[in-house]
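Read the structure below first, then the notes.
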Amino acid sequence: MASVSRRMATTPETSARMKKIRRERTEPENVVGTMLTSLGLRFRRCVRGLPGTPDFANRTRGWAIFVNGCFWHGHIGCRAGRLPKTNAEFWNEKIAANRARDATKRRLLRGRGLLVITVWQCELRRPGPLERKLRRLLCGR
Ligand SMILES: [Zn+2]
């Protein structure tokens with residue numbers, strides 16, 4: 001257990017905060033929500049007024065975030081996104097359809113002038129880099 005948390009940690013503060021988050025909330029969306037709050041960002045969750053109902057958005061600041069499971073949304077190059085070998089055709093079609101739907105959502109949101117960020121579930125295993133990415137893209141926007 002100690003080696004696991006050491007591998008994931010980038011700073012002691014981030015590590016402690018993420019440990020706390022894991023205790024309190026387990027859903028990936030909640031982890032991202034807590035991270036956004038800790039960055040001082042304001043947002044709405046599950047925004048039905050926008051195409052594709054982004055998991056998080058701030059229309060005034062012009063951004064939207066989807067938190068995607070690697071398997072169902074077909075994260076390319078990710079172990080968790082690898083498709084089963086049995087029923088390969090079925091899975092290929094299903095995941096390809098999901099990817100196409102995701103791409104349409106992103107296009108519609110960009111058409112409204114929003115910055116669209118996809119957070120993959122596997123990124124939550126390394127909260128430090130994810131937090132830096134979100135800070136870089138969103139803070140001061
Ligand atoms: Zn992934």
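Residues in the structure tokens are numbered from 1 in each chain, the chains being A, B, ... in the order shown, and ligands are numbered from 1 in the order shown.
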
Do you have, as a tab-separated table, the list of residues of chain A lying at most 7 Å from ligand 1, each with its nearest atom pair and that distance in Å to one decimal, counting only C-alpha atoms and all ligand atoms and ordered by chain then number?
residue	atom	partner	partner_atom_place_in_ligand_line	distance
A:Cys70	CA	ligand 1	1 (Zn)	4.4
A:His75	CA	ligand 1	1 (Zn)	5.1
A:Cys78	CA	ligand 1	1 (Zn)	4.5
A:Arg79	CA	ligand 1	1 (Zn)	6.7
A:Ala80	CA	ligand 1	1 (Zn)	5.6
A:Gly81	CA	ligand 1	1 (Zn)	5.9
A:Trp120	CA	ligand 1	1 (Zn)	5.4
A:Gln121	CA	ligand 1	1 (Zn)	5.9
A:Cys122	CA	ligand 1	1 (Zn)	4.3
A:Glu123	CA	ligand 1	1 (Zn)	6.7

* Residues within 12 Å of A:Asp55, only C-alpha atoms, excluding chain neighbours under 2 positions, as a VMD selection string -> chain A and resid 28 to 33 36 43 to 53 57 to 58 63 to 68 116 to 119

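If only C-alpha atoms are the atoms counted, then among A:Ile95, A:Met35, A:Leu134, A:Ala88 the closest residue to A:Phe71 is A:Ile95.
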
* Just list the residues in stretch 59-103 of chain A DSSP gives alpha helix (DSSP H) on the backbone, as a list in words. => Ala88, Glu89, Phe90, Trp91, Asn92, Glu93, Lys94, Ile95, Ala96, Ala97, Asn98, Arg99, Ala100, Arg101, Asp102 and Ala103 of chain A

How would the residues just picked look written out with N, CA and C atoms as a PDB file, in the first residue's frame?
ATOM      1  N   ALA A  88     -15.105  -9.343 -30.664  1.00  0.00           N
ATOM      2  CA  ALA A  88     -14.338  -8.149 -31.026  1.00  0.00           C
ATOM      3  C   ALA A  88     -15.148  -7.199 -31.900  1.00  0.00           C
ATOM      4  N   GLU A  89     -15.897  -7.756 -32.833  1.00  0.00           N
ATOM      5  CA  GLU A  89     -16.644  -6.911 -33.760  1.00  0.00           C
ATOM      6  C   GLU A  89     -17.694  -6.088 -33.007  1.00  0.00           C
ATOM      7  N   PHE A  90     -18.416  -6.767 -32.106  1.00  0.00           N
ATOM      8  CA  PHE A  90     -19.428  -6.098 -31.299  1.00  0.00           C
ATOM      9  C   PHE A  90     -18.827  -4.942 -30.511  1.00  0.00           C
ATOM     10  N   TRP A  91     -17.718  -5.208 -29.838  1.00  0.00           N
ATOM     11  CA  TRP A  91     -17.091  -4.177 -29.008  1.00  0.00           C
ATOM     12  C   TRP A  91     -16.525  -3.046 -29.843  1.00  0.00           C
ATOM     13  N   ASN A  92     -15.896  -3.418 -30.964  1.00  0.00           N
ATOM     14  CA  ASN A  92     -15.360  -2.385 -31.858  1.00  0.00           C
ATOM     15  C   ASN A  92     -16.442  -1.404 -32.276  1.00  0.00           C
ATOM     16  N   GLU A  93     -17.577  -1.951 -32.674  1.00  0.00           N
ATOM     17  CA  GLU A  93     -18.668  -1.085 -33.147  1.00  0.00           C
ATOM     18  C   GLU A  93     -19.213  -0.225 -32.022  1.00  0.00           C
ATOM     19  N   LYS A  94     -19.400  -0.859 -30.886  1.00  0.00           N
ATOM     20  CA  LYS A  94     -19.991  -0.152 -29.746  1.00  0.00           C
ATOM     21  C   LYS A  94     -19.109   1.014 -29.286  1.00  0.00           C
ATOM     22  N   ILE A  95     -17.830   0.711 -29.107  1.00  0.00           N
ATOM     23  CA  ILE A  95     -16.929   1.741 -28.604  1.00  0.00           C
ATOM     24  C   ILE A  95     -16.683   2.812 -29.671  1.00  0.00           C
ATOM     25  N   ALA A  96     -16.647   2.383 -30.947  1.00  0.00           N
ATOM     26  CA  ALA A  96     -16.477   3.361 -32.026  1.00  0.00           C
ATOM     27  C   ALA A  96     -17.661   4.329 -32.038  1.00  0.00           C
ATOM     28  N   ALA A  97     -18.866   3.812 -31.796  1.00  0.00           N
ATOM     29  CA  ALA A  97     -20.064   4.666 -31.762  1.00  0.00           C
ATOM     30  C   ALA A  97     -19.969   5.651 -30.598  1.00  0.00           C
ATOM     31  N   ASN A  98     -19.502   5.178 -29.457  1.00  0.00           N
ATOM     32  CA  ASN A  98     -19.333   6.069 -28.301  1.00  0.00           C
ATOM     33  C   ASN A  98     -18.312   7.162 -28.607  1.00  0.00           C
ATOM     34  N   ARG A  99     -17.218   6.760 -29.251  1.00  0.00           N
ATOM     35  CA  ARG A  99     -16.187   7.747 -29.588  1.00  0.00           C
ATOM     36  C   ARG A  99     -16.727   8.804 -30.549  1.00  0.00           C
ATOM     37  N   ALA A 100     -17.517   8.336 -31.514  1.00  0.00           N
ATOM     38  CA  ALA A 100     -18.096   9.274 -32.488  1.00  0.00           C
ATOM     39  C   ALA A 100     -19.045  10.245 -31.787  1.00  0.00           C
ATOM     40  N   ARG A 101     -19.835   9.730 -30.853  1.00  0.00           N
ATOM     41  CA  ARG A 101     -20.769  10.573 -30.100  1.00  0.00           C
ATOM     42  C   ARG A 101     -19.988  11.603 -29.265  1.00  0.00           C
ATOM     43  N   ASP A 102     -18.904  11.155 -28.651  1.00  0.00           N
ATOM     44  CA  ASP A 102     -18.056  12.067 -27.858  1.00  0.00           C
ATOM     45  C   ASP A 102     -17.488  13.172 -28.741  1.00  0.00           C
ATOM     46  N   ALA A 103     -17.045  12.791 -29.937  1.00  0.00           N
ATOM     47  CA  ALA A 103     -16.448  13.776 -30.847  1.00  0.00           C
ATOM     48  C   ALA A 103     -17.493  14.815 -31.257  1.00  0.00           C
TER      49      ALA A 103
END

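Across the structure, atom CA of A:Thr34 and atom CA of A:Lys105 are spaced 24.0 Å apart.
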
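Picture a line from atom CA of A:Glu13 to atom CA of A:Lys133; it runs 16.9 Å.
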
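If only C-alpha atoms are the atoms counted, then among A:Arg141, A:Arg59, A:Lys85, A:Arg136 the closest residue to A:Arg110 is A:Arg59.
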
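Considering the residues A:Leu108, A:Leu137, A:Leu41, A:Leu124 and counting only C-alpha atoms, A:Thr60 has its shortest atom-to-atom contact with A:Leu41.
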
* Asked: Can you list, as a ChimeraX atom specification, every residue of stretch 13-70 of chain A that DSSP puts in strand (DSSP E)?
  -> /A:44-45,56-58,63-68

Atoms kept (C-alpha atoms) for selection, written as an mmCIF file, in the first residue's frame:
data_model
loop_
_atom_site.group_PDB
_atom_site.id
_atom_site.type_symbol
_atom_site.label_atom_id
_atom_site.label_comp_id
_atom_site.auth_asym_id
_atom_site.auth_seq_id
_atom_site.Cartn_x
_atom_site.Cartn_y
_atom_site.Cartn_z
ATOM 1 C CA ARG A 44 -21.683 23.652 -12.441
ATOM 2 C CA ARG A 45 -21.965 19.897 -12.522
ATOM 3 C CA PHE A 56 -18.430 20.162 -15.349
ATOM 4 C CA ALA A 57 -18.723 23.524 -17.038
ATOM 5 C CA ASN A 58 -18.378 27.230 -16.499
ATOM 6 C CA TRP A 63 -14.915 25.728 -20.510
ATOM 7 C CA ALA A 64 -16.441 22.276 -20.222
ATOM 8 C CA ILE A 65 -15.057 18.998 -18.904
ATOM 9 C CA PHE A 66 -16.009 15.409 -19.552
ATOM 10 C CA VAL A 67 -14.771 12.715 -17.192
ATOM 11 C CA ASN A 68 -14.570 9.589 -19.308
#

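One finds atom CA of A:Leu39 at 6.8 Å from atom CA of A:Arg135.
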